[in-house]
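S.K.: Structure file upload.tsv (TSV, C-alpha atoms and all ligand atoms) is given on the next line.
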chain	number	residue	atom	x	y	z
B	11	MET	CA	133.86	-139.07	-105.12
B	12	THR	CA	133.84	-139.31	-108.87
B	13	ILE	CA	136.65	-141.44	-110.31
B	14	VAL	CA	138.27	-139.78	-113.35
B	15	SER	CA	140.44	-142.34	-115.13
B	16	LYS	CA	141.24	-144.19	-118.35
B	17	ASP	CA	140.61	-147.56	-116.71
B	18	ILE	CA	138.12	-149.41	-118.94
B	19	ASN	CA	138.13	-152.42	-116.59
B	20	LYS	CA	136.83	-150.21	-113.80
B	21	ALA	CA	134.28	-148.63	-116.16
B	22	SER	CA	133.11	-152.08	-117.22
B	23	GLU	CA	132.76	-153.17	-113.58
B	24	ILE	CA	130.62	-150.13	-112.73
B	25	LEU	CA	128.43	-150.67	-115.80
B	26	HIS	CA	127.96	-154.35	-114.89
B	27	ASP	CA	126.83	-153.10	-111.47
B	28	GLU	CA	123.97	-151.27	-113.30
B	29	ASP	CA	125.52	-147.89	-112.56
B	30	VAL	CA	126.27	-144.97	-114.93
B	31	VAL	CA	129.68	-143.96	-116.38
B	32	ALA	CA	130.44	-140.81	-118.37
B	33	ILE	CA	132.14	-141.87	-121.59
B	34	PRO	CA	134.16	-139.91	-124.13
B	35	THR	CA	133.12	-139.89	-127.76
B	36	GLU	CA	134.48	-137.91	-130.71
B	37	THR	CA	131.50	-135.52	-130.43
B	38	VAL	CA	130.72	-134.86	-126.75
B	39	TYR	CA	130.82	-136.87	-123.51
B	40	GLY	CA	127.85	-139.16	-122.86
B	41	LEU	CA	126.20	-140.46	-119.68
B	42	ALA	CA	126.24	-144.18	-120.37
B	43	GLY	CA	124.35	-147.15	-119.00
B	44	ASN	CA	123.49	-150.74	-119.99
B	45	ILE	CA	120.42	-150.51	-122.26
B	46	TYR	CA	118.98	-153.61	-120.55
B	47	SER	CA	119.28	-152.21	-117.00
B	48	GLU	CA	116.20	-150.26	-115.96
B	49	LYS	CA	118.12	-149.04	-112.91
B	50	ALA	CA	120.95	-147.56	-114.99
B	51	ILE	CA	118.65	-145.97	-117.56
B	52	ARG	CA	116.48	-144.40	-114.86
B	53	LYS	CA	119.61	-142.97	-113.24
B	54	ILE	CA	120.62	-141.38	-116.56
B	55	PHE	CA	117.25	-139.62	-116.90
B	56	GLN	CA	117.34	-138.59	-113.26
B	57	LEU	CA	120.93	-137.22	-113.34
B	58	LYS	CA	120.13	-135.22	-116.47
B	59	GLN	CA	116.68	-134.17	-115.27
B	60	ARG	CA	115.61	-135.18	-118.74
B	61	PRO	CA	111.92	-135.79	-119.51
B	62	LEU	CA	111.16	-139.46	-120.14
B	63	PHE	CA	109.61	-138.69	-123.53
B	64	ASN	CA	113.02	-137.76	-124.97
B	65	PRO	CA	114.69	-141.00	-126.15
B	66	LEU	CA	118.39	-141.93	-125.84
B	67	ILE	CA	121.02	-142.86	-128.43
B	68	VAL	CA	122.31	-146.43	-128.26
B	69	HIS	CA	126.07	-146.89	-128.78
B	70	ILE	CA	127.48	-150.10	-130.27
B	71	HIS	CA	130.93	-151.25	-131.44
B	72	SER	CA	130.21	-152.95	-134.76
B	73	THR	CA	127.68	-153.30	-137.55
B	74	GLU	CA	127.27	-156.96	-136.48
B	75	GLN	CA	125.97	-155.72	-133.13
B	76	LEU	CA	123.37	-153.68	-135.03
B	77	ASP	CA	121.40	-156.87	-135.71
B	78	GLU	CA	120.87	-157.24	-131.97
B	79	ILE	CA	118.86	-154.04	-131.80
B	80	VAL	CA	117.29	-153.18	-135.17
B	81	SER	CA	114.86	-155.18	-137.27
B	82	TYR	CA	115.26	-153.47	-140.63
B	83	ILE	CA	117.99	-151.45	-142.37
B	84	PRO	CA	117.11	-149.44	-145.50
B	85	ASP	CA	119.74	-149.53	-148.28
B	86	LYS	CA	120.70	-145.89	-147.78
B	87	ALA	CA	121.18	-146.51	-144.07
B	88	LYS	CA	123.67	-149.27	-144.95
B	89	LEU	CA	125.46	-146.90	-147.29
B	90	LEU	CA	125.62	-144.17	-144.65
B	91	ALA	CA	126.83	-146.59	-141.98
B	92	ASP	CA	129.53	-147.97	-144.31
B	93	THR	CA	130.69	-144.45	-145.06
B	94	PHE	CA	130.63	-142.78	-141.66
B	95	TRP	CA	130.89	-145.46	-138.91
B	96	PRO	CA	132.66	-145.40	-136.59
B	97	GLY	CA	131.83	-141.70	-136.50
B	98	PRO	CA	129.42	-138.90	-135.62
B	99	LEU	CA	126.39	-140.27	-137.47
B	100	THR	CA	123.27	-141.45	-135.63
B	101	LEU	CA	120.71	-143.51	-137.55
B	102	ILE	CA	117.09	-143.87	-136.45
B	103	LEU	CA	115.97	-147.38	-137.39
B	104	LYS	CA	113.10	-149.76	-136.64
B	105	LYS	CA	113.89	-151.38	-133.32
B	106	LYS	CA	113.72	-154.99	-132.21
B	107	SER	CA	111.26	-155.66	-129.41
B	108	ASN	CA	114.01	-156.54	-126.92
B	109	ILE	CA	115.00	-152.86	-126.72
B	110	PRO	CA	113.36	-151.50	-123.57
B	111	ASP	CA	110.71	-148.79	-124.09
B	112	LEU	CA	112.45	-146.66	-121.48
B	113	VAL	CA	115.43	-146.21	-123.85
B	114	THR	CA	113.29	-145.28	-126.86
B	115	SER	CA	110.50	-143.47	-124.97
B	116	GLY	CA	108.05	-146.02	-126.31
B	117	LYS	CA	108.88	-145.33	-129.97
B	118	ASP	CA	109.11	-148.20	-132.45
B	119	THR	CA	112.48	-146.83	-133.59
B	120	VAL	CA	115.88	-146.68	-131.94
B	121	ALA	CA	118.69	-144.15	-132.44
B	122	VAL	CA	122.04	-145.90	-132.87
B	123	ARG	CA	125.66	-145.11	-133.65
B	124	ILE	CA	129.21	-146.48	-133.51
B	125	PRO	CA	131.30	-143.74	-131.89
B	126	ARG	CA	134.84	-143.03	-133.05
B	127	HIS	CA	136.80	-142.96	-129.81
B	128	PRO	CA	139.41	-145.67	-129.10
B	129	LEU	CA	138.75	-145.87	-125.35
B	130	THR	CA	134.98	-146.11	-125.70
B	131	LEU	CA	135.24	-148.59	-128.57
B	132	SER	CA	137.45	-150.82	-126.39
B	133	LEU	CA	134.94	-150.50	-123.55
B	134	LEU	CA	132.02	-151.41	-125.86
B	135	GLU	CA	133.96	-154.46	-127.07
B	136	LYS	CA	134.67	-155.54	-123.50
B	137	ILE	CA	131.07	-155.47	-122.26
B	138	ASP	CA	128.34	-157.63	-123.74
B	139	PHE	CA	125.58	-155.02	-123.96
B	140	PRO	CA	125.11	-151.76	-125.88
B	141	LEU	CA	125.29	-148.45	-124.02
B	142	ALA	CA	122.53	-145.86	-124.03
B	143	ALA	CA	124.10	-142.44	-123.69
B	144	PRO	CA	122.70	-138.94	-123.99
B	145	SER	CA	125.10	-136.00	-123.78
B	146	ALA	CA	126.50	-135.70	-120.23
B	147	ASN	CA	124.92	-132.40	-119.28
B	148	PRO	CA	121.84	-131.42	-117.31
B	149	PHE	CA	118.87	-131.07	-119.62
B	150	GLY	CA	119.09	-127.82	-121.63
B	151	SER	CA	122.73	-127.02	-120.77
B	152	ILE	CA	125.83	-126.91	-122.97
B	153	SER	CA	127.18	-130.35	-123.84
B	154	PRO	CA	130.52	-131.30	-122.25
B	155	THR	CA	133.63	-131.77	-124.39
B	156	ASN	CA	136.13	-132.67	-121.67
B	157	PRO	CA	136.09	-134.48	-118.29
B	158	SER	CA	136.12	-131.30	-116.22
B	159	HIS	CA	132.91	-130.06	-117.89
B	160	VAL	CA	131.25	-133.32	-116.83
B	161	GLU	CA	132.70	-133.12	-113.31
B	162	ASN	CA	131.42	-129.59	-112.85
B	163	TYR	CA	127.90	-130.69	-113.79
B	164	PHE	CA	127.64	-133.88	-111.71
B	165	ARG	CA	130.23	-133.48	-108.96
B	166	GLY	CA	129.95	-136.39	-106.53
B	167	ARG	CA	126.74	-137.79	-108.02
B	168	LEU	CA	128.49	-139.75	-110.76
B	169	SER	CA	130.64	-142.84	-110.01
B	170	MET	CA	133.09	-142.49	-112.87
B	171	ILE	CA	134.20	-140.39	-115.83
B	172	LEU	CA	136.20	-142.37	-118.38
B	173	ASP	CA	138.90	-139.86	-119.26
B	174	GLY	CA	139.31	-139.66	-123.02
B	175	GLY	CA	140.61	-136.08	-123.12
B	176	ASP	CA	139.11	-133.38	-125.32
B	177	CYS	CA	136.44	-134.40	-127.83
B	178	LYS	CA	137.78	-134.00	-131.38
B	179	SER	CA	134.59	-133.00	-133.22
B	180	GLY	CA	132.96	-131.07	-130.40
B	181	ILE	CA	129.37	-130.96	-131.73
B	182	GLU	CA	126.83	-133.77	-131.37
B	183	SER	CA	126.31	-136.40	-134.06
B	184	THR	CA	124.30	-135.74	-137.20
B	185	ILE	CA	120.97	-137.62	-136.88
B	186	ILE	CA	119.29	-139.25	-139.89
B	187	GLY	CA	116.01	-141.12	-139.91
B	188	PHE	CA	114.01	-142.80	-142.69
B	189	GLU	CA	110.51	-142.12	-143.94
B	190	ASN	CA	109.36	-144.68	-146.51
B	191	ASP	CA	113.02	-145.69	-146.82
B	192	LYS	CA	114.02	-142.14	-147.73
B	193	PRO	CA	116.63	-140.49	-145.51
B	194	VAL	CA	115.57	-137.39	-143.58
B	195	LEU	CA	117.97	-135.25	-141.59
B	196	TYR	CA	116.66	-134.69	-138.04
B	197	ARG	CA	119.62	-132.94	-136.41
B	198	LEU	CA	122.48	-130.99	-137.94
B	199	GLY	CA	125.72	-132.15	-136.40
B	200	SER	CA	129.36	-133.04	-136.74
B	201	ILE	CA	129.09	-134.32	-140.30
B	202	ALA	CA	128.50	-131.47	-142.72
B	203	ILE	CA	125.26	-131.83	-144.66
B	204	GLU	CA	127.20	-131.57	-147.93
B	205	ASP	CA	129.11	-134.74	-146.97
B	206	ILE	CA	125.85	-136.54	-146.20
B	207	THR	CA	124.25	-135.63	-149.53
B	208	LYS	CA	127.32	-136.91	-151.40
B	209	VAL	CA	126.17	-140.33	-150.18
B	210	THR	CA	122.38	-139.98	-150.11
B	211	GLY	CA	121.66	-137.48	-152.85
B	212	PRO	CA	119.35	-134.55	-151.99
B	213	ILE	CA	117.87	-135.00	-148.53
B	214	GLU	CA	114.91	-133.53	-146.71
B	215	ILE	CA	115.85	-131.52	-143.61
B	216	LYS	CA	113.59	-131.60	-140.58
B	217	ASN	CA	116.11	-130.25	-138.10
B	218	LYS	CA	114.03	-130.73	-135.00
B	219	LYS	CA	113.49	-128.03	-132.43
B	220	GLU	CA	113.86	-130.70	-129.74
B	221	THR	CA	110.13	-130.61	-129.21
B	222	ALA	CA	107.84	-133.50	-128.45
B	223	PRO	CA	104.29	-133.59	-129.80
B	224	ASN	CA	102.86	-133.68	-126.29
B	225	ALA	CA	104.91	-130.76	-125.04
B	226	PRO	CA	105.33	-128.22	-127.82
B	227	GLY	CA	108.01	-125.62	-127.22
B	228	MET	CA	109.10	-127.15	-123.98
B	229	LEU	CA	112.46	-128.22	-125.25
B	230	SER	CA	113.29	-125.26	-127.45
B	231	ARG	CA	115.95	-123.80	-125.16
B	232	HIS	CA	118.85	-126.16	-125.51
B	233	TYR	CA	122.64	-126.09	-125.47
B	234	ALA	CA	122.28	-122.89	-123.47
B	235	PRO	CA	124.72	-121.04	-121.21
B	236	GLU	CA	123.43	-119.46	-117.97
B	237	THR	CA	124.60	-116.05	-119.20
B	238	SER	CA	122.31	-114.14	-121.61
B	239	THR	CA	123.58	-115.03	-125.05
B	240	PHE	CA	122.99	-113.34	-128.40
B	241	LEU	CA	123.76	-114.42	-131.96
B	242	VAL	CA	124.27	-111.49	-134.33
B	243	ASP	CA	125.56	-110.70	-137.81
B	244	ASP	CA	127.62	-107.71	-136.72
B	245	VAL	CA	129.10	-107.94	-133.23
B	246	GLU	CA	130.68	-104.48	-133.25
B	247	GLU	CA	127.41	-102.83	-134.16
B	248	PHE	CA	125.49	-104.86	-131.55
B	249	ILE	CA	127.76	-103.95	-128.65
B	250	ALA	CA	128.43	-100.33	-129.67
B	251	GLY	CA	125.73	-98.86	-127.43
B	252	ARG	CA	126.24	-101.22	-124.50
B	253	THR	CA	129.18	-99.59	-122.78
B	254	ASP	CA	127.79	-100.28	-119.31
B	255	LYS	CA	127.88	-104.03	-119.83
B	256	ASN	CA	130.53	-106.63	-119.10
B	257	ILE	CA	130.63	-108.41	-122.48
B	258	GLY	CA	132.30	-111.57	-123.77
B	259	VAL	CA	132.33	-112.26	-127.50
B	260	LEU	CA	132.61	-115.46	-129.49
B	261	LEU	CA	134.13	-114.97	-132.94
B	262	PHE	CA	135.05	-117.16	-135.89
B	263	ASP	CA	138.52	-116.14	-137.00
B	264	LYS	CA	139.52	-112.63	-135.96
B	265	LYS	CA	139.36	-110.26	-133.05
B	266	ILE	CA	137.41	-107.06	-133.27
B	267	ASN	CA	138.29	-103.62	-132.11
B	268	ALA	CA	135.99	-102.40	-129.38
B	269	PRO	CA	136.90	-100.94	-126.01
B	270	ASN	CA	134.02	-102.42	-124.02
B	271	ILE	CA	134.79	-106.13	-124.48
B	272	ALA	CA	136.01	-108.06	-121.45
B	273	VAL	CA	137.08	-111.18	-123.32
B	274	GLN	CA	137.23	-112.39	-126.92
B	275	GLU	CA	137.15	-116.08	-127.82
B	276	ILE	CA	138.37	-116.82	-131.35
B	277	LEU	CA	137.31	-120.30	-132.49
B	278	SER	CA	139.75	-120.72	-135.38
B	279	LYS	CA	142.44	-118.21	-136.29
B	280	LYS	CA	142.94	-119.97	-139.63
B	281	GLY	CA	139.22	-119.81	-140.44
B	282	ASP	CA	138.71	-123.57	-140.32
B	283	LEU	CA	135.09	-124.53	-139.53
B	284	LYS	CA	136.10	-127.97	-138.29
B	285	GLU	CA	138.46	-126.47	-135.75
B	286	ALA	CA	135.81	-123.90	-134.80
B	287	ALA	CA	133.21	-126.64	-134.22
B	288	SER	CA	135.61	-128.62	-132.05
B	289	ARG	CA	136.15	-125.61	-129.78
B	290	LEU	CA	132.61	-124.16	-129.72
B	291	TYR	CA	131.31	-125.71	-126.49
B	292	ALA	CA	134.59	-125.38	-124.58
B	293	SER	CA	134.56	-121.66	-125.40
B	294	LEU	CA	130.94	-121.31	-124.31
B	295	HIS	CA	131.70	-123.14	-121.05
B	296	LYS	CA	134.65	-120.80	-120.49
B	297	LEU	CA	132.68	-117.61	-121.20
B	298	ASP	CA	129.80	-118.82	-119.06
B	299	LYS	CA	132.09	-119.09	-116.02
B	300	LEU	CA	133.25	-115.46	-116.17
B	301	ASN	CA	130.17	-113.79	-114.65
B	302	LEU	CA	129.61	-111.69	-117.74
B	303	ASP	CA	126.45	-109.66	-118.38
B	304	LEU	CA	126.31	-110.82	-121.98
B	305	ILE	CA	127.81	-113.31	-124.38
B	306	VAL	CA	127.62	-112.12	-127.99
B	307	ALA	CA	128.34	-114.64	-130.71
B	308	GLU	CA	129.01	-113.91	-134.35
B	309	ARG	CA	126.95	-115.75	-136.98
B	310	PHE	CA	129.12	-118.24	-138.89
B	311	PRO	CA	129.26	-118.78	-142.67
B	312	ASP	CA	126.11	-120.68	-143.58
B	313	SER	CA	127.73	-123.73	-145.20
B	314	GLY	CA	129.39	-126.96	-144.14
B	315	LEU	CA	129.88	-127.16	-140.37
B	316	GLY	CA	129.03	-123.45	-140.19
B	317	LYS	CA	125.37	-124.50	-140.50
B	318	SER	CA	125.71	-126.85	-137.51
B	319	ILE	CA	127.51	-124.20	-135.45
B	320	ASN	CA	124.79	-121.62	-136.23
B	321	ASP	CA	122.12	-124.17	-135.30
B	322	ARG	CA	123.67	-124.69	-131.84
B	323	LEU	CA	124.20	-120.96	-131.33
B	324	GLU	CA	120.58	-120.25	-132.27
B	325	ARG	CA	119.40	-122.79	-129.70
B	326	ALA	CA	121.80	-121.34	-127.11
B	327	THR	CA	120.23	-117.91	-127.55
B	328	ARG	CA	116.59	-118.91	-127.78
B	329	LYS	CA	114.78	-117.69	-124.69
B	330	ASN	CA	111.94	-119.58	-123.17
Z	1	LIG	O1	126.94	-137.02	-130.47
Z	1	LIG	C1	125.96	-137.48	-129.90
Z	1	LIG	O2	124.96	-137.87	-130.53
Z	1	LIG	C2	126.01	-137.58	-128.36
Z	1	LIG	C3	127.05	-138.63	-127.98
Z	1	LIG	C4	127.11	-138.90	-126.51
Z	1	LIG	O3	126.80	-139.81	-128.70
Z	1	LIG	N1	124.72	-137.90	-127.84
Z	1	LIG	C5	123.68	-137.03	-127.86
Z	1	LIG	O4	122.54	-137.51	-127.22
Z	1	LIG	O5	123.72	-135.93	-128.36
Z	1	LIG	P1	121.31	-136.61	-126.79
Z	1	LIG	O6	120.48	-137.51	-125.95
Z	1	LIG	O7	121.80	-135.38	-126.15
Z	1	LIG	O8	120.55	-136.33	-128.11
Z	1	LIG	C6	119.87	-137.39	-128.74
Z	1	LIG	C7	118.83	-136.89	-129.68
Z	1	LIG	C8	117.64	-136.28	-128.97
Z	1	LIG	O9	117.29	-135.09	-129.65
Z	1	LIG	C9	116.56	-137.33	-129.12
Z	1	LIG	O10	115.28	-136.76	-129.16
Z	1	LIG	C10	116.93	-137.96	-130.45
Z	1	LIG	O11	118.32	-138.00	-130.42
Z	1	LIG	N2	116.42	-139.35	-130.56
Z	1	LIG	C11	116.80	-140.43	-129.85
Z	1	LIG	N3	116.10	-141.51	-130.20
Z	1	LIG	C12	115.22	-141.13	-131.15
Z	1	LIG	C13	114.21	-141.79	-131.92
Z	1	LIG	N4	113.95	-143.07	-131.76
Z	1	LIG	N5	113.52	-141.05	-132.81
Z	1	LIG	C14	113.78	-139.73	-132.98
Z	1	LIG	N6	114.73	-139.03	-132.28
Z	1	LIG	C15	115.43	-139.73	-131.39
Z	2	MG	MG	122.05	-133.44	-125.57
Any chance you could give the structure as structure tokens?
Ligand code: TXA
Ligand code: MG
M.R.:
Amino acid sequence: MTIVSKDINKASEILHDEDVVAIPTETVYGLAGNIYSEKAIRKIFQLKQRPLFNPLIVHIHSTEQLDEIVSYIPDKAKLLADTFWPGPLTLILKKKSNIPDLVTSGKDTVAVRIPRHPLTLSLLEKIDFPLAAPSANPFGSISPTNPSHVENYFRGRLSMILDGGDCKSGIESTIIGFENDKPVLYRLGSIAIEDITKVTGPIEIKNKKETAPNAPGMLSRHYAPETSTFLVDDVEEFIAGRTDKNIGVLLFDKKINAPNIAVQEILSKKGDLKEAASRLYASLHKLDKLNLDLIVAERFPDSGLGKSINDRLERATRKN
């Protein structure tokens, strides 16, 4: 049985027992364990079926706690942390040697963030260790944005889901690393790139394809539904000839007129990219459950969070 509850005392007890708890964050749910427990970290990798060469993000509750895990903080990292923490920003920084290699896949850097979720912040304050947490989905699947998504993925195999309701941002954190002290964007995410550059100035973008040098291409299909999914500029045109198919469509702000659509998911009737981002994964989860032949998503405006949404939709449609 998986406990689904808001009880942070129970969550803390399970984590002290070197077990794993699914935790809510403002972006997506994470599968969390004590960074210093090899048992817990191994269970995270095993539950997710995630390759060991793909490192985890470490979650902390304060910038003071940062000193426990990183050895050096570039000025622009300080600036970014001051601006966006707690929030959906992950910084890749030089790690201290006490951080187990299992968490960082042997890298000399560690990914770290302070999440903006009251329940998880209280939990992090209660325990005396940081939490490593990747998104709480099997490797390559759509990230979960509410407790039932997590339950569907890990039914019975997970001791507890800390119930923090629906995730407000709905897309993973924006990841920034540093090369010769200069910030580089590694993953588009919940903070629009325009908001990052207001703080950093122009920034190089190396939005990773989730590949590892020793396994090129292996990780390219990510955030993907089971159903065949397409990302197109013109949904009506794309589905016009496919009258024999059972089709679900994912649209930004308005419905379209076509007889052969089974279901239409509109992400934001008022055309708000933030609202659309917050609902993206929940809509994909919903469409994926309907036994459709196809999911067809519309390409979003290529600015602000639209860029992050398009990035996730491209990965969802990439076939491997
Ligand atoms: O919003 C989020 O970031 C969520 C919540 C739970 O915090 N977490 C999340 O974790 O998306 P995950 O494991 O699904 O994605 C973490 C990404 C991976 O692409 C991983 O390769 C990268 O961060 N990463 C972790 N440590 C790294 C490091 N030291 N250097 C480079 N990339 C790193
Ligand atoms: Mg993930």
S.K.: Quick one: residues within 9 Å of range 106-121 of chain B, only C-alpha atoms, excluding same-chain residues fewer than 4 positions away - as a PyMOL selection string?
M.R.: chain B and resi 45-48+51-52+62-69+77-82+100-102+142+185-187
S.K.: Restricting it to C-alpha atoms, dump the selection as a PDB file, keeping the file's coordinate frame.
M.R.:
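Result file result-v3.pdb:
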ATOM      1  CA  ILE B  45     120.420-150.510-122.260  1.00  0.00           C
ATOM      2  CA  TYR B  46     118.980-153.610-120.550  1.00  0.00           C
ATOM      3  CA  SER B  47     119.280-152.210-117.000  1.00  0.00           C
ATOM      4  CA  GLU B  48     116.200-150.260-115.960  1.00  0.00           C
ATOM      5  CA  ILE B  51     118.650-145.970-117.560  1.00  0.00           C
ATOM      6  CA  ARG B  52     116.480-144.400-114.860  1.00  0.00           C
ATOM      7  CA  LEU B  62     111.160-139.460-120.140  1.00  0.00           C
ATOM      8  CA  PHE B  63     109.610-138.690-123.530  1.00  0.00           C
ATOM      9  CA  ASN B  64     113.020-137.760-124.970  1.00  0.00           C
ATOM     10  CA  PRO B  65     114.690-141.000-126.150  1.00  0.00           C
ATOM     11  CA  LEU B  66     118.390-141.930-125.840  1.00  0.00           C
ATOM     12  CA  ILE B  67     121.020-142.860-128.430  1.00  0.00           C
ATOM     13  CA  VAL B  68     122.310-146.430-128.260  1.00  0.00           C
ATOM     14  CA  HIS B  69     126.070-146.890-128.780  1.00  0.00           C
ATOM     15  CA  ASP B  77     121.400-156.870-135.710  1.00  0.00           C
ATOM     16  CA  GLU B  78     120.870-157.240-131.970  1.00  0.00           C
ATOM     17  CA  ILE B  79     118.860-154.040-131.800  1.00  0.00           C
ATOM     18  CA  VAL B  80     117.290-153.180-135.170  1.00  0.00           C
ATOM     19  CA  SER B  81     114.860-155.180-137.270  1.00  0.00           C
ATOM     20  CA  TYR B  82     115.260-153.470-140.630  1.00  0.00           C
ATOM     21  CA  THR B 100     123.270-141.450-135.630  1.00  0.00           C
ATOM     22  CA  LEU B 101     120.710-143.510-137.550  1.00  0.00           C
ATOM     23  CA  ILE B 102     117.090-143.870-136.450  1.00  0.00           C
ATOM     24  CA  ALA B 142     122.530-145.860-124.030  1.00  0.00           C
ATOM     25  CA  ILE B 185     120.970-137.620-136.880  1.00  0.00           C
ATOM     26  CA  ILE B 186     119.290-139.250-139.890  1.00  0.00           C
ATOM     27  CA  GLY B 187     116.010-141.120-139.910  1.00  0.00           C
TER      28      GLY B 187
END
S.K.: For Glu161 in chain B, which of B:Met11, B:Thr207, B:Ala21, B:Gly314 is the closest residue, counting all atoms listed in the file?
M.R.: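 Nearest candidate to Glu161 in chain B out of B:Met11, B:Thr207, B:Ala21, B:Gly314: B:Met11.
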S.K.: Just give me the gap between CA of Lys284 in chain B and CA of Leu89 in chain B in Å, one decimal is fine.
M.R.: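 Going from CA of Lys284 in chain B over to CA of Leu89 in chain B covers 23.5 Å.
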S.K.: What gap, in Å, lies between CA of Thr130 in chain B and CA of Thr35 in chain B?
M.R.: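 Separation of CA of Thr130 in chain B and CA of Thr35 in chain B: 6.8 Å.
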S.K.: Can you tell me which residues sit at most 12 Å away from ligand MG 2 (chain Z), counting all atoms listed in the file, written as a ChimeraX atom specification?
M.R.: /B:37-41,55,58-60,64-67,143-155,181-183,197,199,220,229,231-234,322,325
S.K.: Here is a test: counting all atoms listed in the file, which residue of B:Ser313, B:Thr327, B:Asn301, B:Asn156 is nearest to ligand LIG 1 (chain Z)?
M.R.: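 Of the candidates, the smallest distance to ligand LIG 1 (chain Z) is held by B:Asn156.
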S.K.: Distance CA of Leu260 in chain B-CA of Leu241 in chain B, one decimal place?
M.R.: 9.2 Å
S.K.: Under the rule that only C-alpha atoms and all ligand atoms are counted, which of B:Ser200, B:Ser318, B:Thr239, B:Asn256 is the nearest residue to ligand LIG 1 (chain Z)?
M.R.: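 Between B:Ser200, B:Ser318, B:Thr239, B:Asn256, the residue approaching ligand LIG 1 (chain Z) most closely is B:Ser200.
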